[in-house]
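Asks: Before I ask anything, here is the structure I am working with.
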Amino acid sequence: MKQKEQEELIYINKMMKIPYKWRTGEVWGEFFRELKENGIIYANQCPTCGRAFCLPKDVCTRDHTRCTDRSKWIPVGPKGTLVTYFMAEQSFLLPTTGEMLKIPFAVGIILLDGATVILQHQLEETDEEKIKIFMRVEAVIKPKAERKGNIFDIVHFRTITE
């Protein structure tokens, strides 16, 4: 049987912007509102196991118990300990800005002071020789006029010495 000749395909590379809105929900909405208005990072707790979540959770991921309401949230950080990290050598599109992230960049897994569950965020330091597990870091929060009420109100975590 004779095969049909394949048609040559023409590819067009085009970046499309698709605007969308995403509801944060009550718990994250309140967290981001506090971060935007006051520059404070909060955690809430599971009343059963006592774990402190940052970002706050509606329900404990271990016990499936409703976590504490806003009146019992605790401020955590802005300092913390770097538990581990990874280096990224390939950029990707930031969904909140539509811009490509500059490379290389380091993402830290950070245990904020006062929290018992880690937070993942970008590190200021990109030199792997200078990044050490268990080093101390501190959140750099945007000036109030520049905050938008999202996780990027925390610019990055910088290395500190104590």
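FYI, nothing fancy with the structure tokens labels: chains A, B, ... in order, residues from 1 per chain, ligands from 1 as they appear.
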Set the distance at 9 Å and use only C-alpha atoms: which residues neighbour Ile74 (chain A) once local chain neighbours fewer than 5 positions away are removed? I'd like the list as number ranges by chain.

Replies: A: 41-45, 52, 114-115

Asks: Keeping only C-alpha atoms, write those residues as an mmCIF file, in the first residue's frame.

Replies:
data_model
loop_
_atom_site.group_PDB
_atom_site.id
_atom_site.type_symbol
_atom_site.label_atom_id
_atom_site.label_comp_id
_atom_site.auth_asym_id
_atom_site.auth_seq_id
_atom_site.Cartn_x
_atom_site.Cartn_y
_atom_site.Cartn_z
ATOM 1 C CA ILE A 41 3.984 36.632 58.126
ATOM 2 C CA TYR A 42 1.442 34.567 60.064
ATOM 3 C CA ALA A 43 0.905 30.896 60.806
ATOM 4 C CA ASN A 44 -2.086 29.083 62.195
ATOM 5 C CA GLN A 45 -2.058 25.915 64.262
ATOM 6 C CA ALA A 52 2.080 25.720 63.010
ATOM 7 C CA GLY A 114 7.847 29.987 65.309
ATOM 8 C CA ALA A 115 6.537 27.681 62.579
#

Asks: Per DSSP on the backbone, filter chain A down to the residues in strand (DSSP E or B) and report them as JSON, numbers by chain.

Replies: {"A": [41, 42, 43, 44, 45, 52, 53, 59, 66, 74, 75, 76, 79, 80, 81, 82, 83, 84, 85, 86, 87, 88, 93, 100, 105, 106, 107, 108, 109, 110, 111, 112, 119, 120, 121, 122, 123, 136, 137, 138, 139, 140, 141, 154, 155, 156, 157, 158, 159]}

Asks: Given only C-alpha atoms as the basis, pick out the residue of A:Ala145, A:Leu55, A:Val155, A:Ile160 nearest to Ile131 (chain A).

Replies: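 Closest to Ile131 (chain A), using only C-alpha atoms: A:Ile160.
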
Asks: Write out as a PyMOL selection string which residues come within 10 Å of Ile103 (chain A) when counting only C-alpha atoms, dropping same-chain ones fewer than 4 positions away.

Replies: chain A and resi 87-92+126

Asks: List every residue of chain A that DSSP, applied to the backbone, labels as alpha helix (DSSP H), and write the result as a list in words.

Replies: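 So the alpha helix (DSSP H) residues in chain A would be Gly25, Glu26, Val27, Trp28, Gly29, Glu30, Phe31, Phe32, Arg33, Glu34, Leu35, Lys36, Glu37 and Asn38 of chain A.
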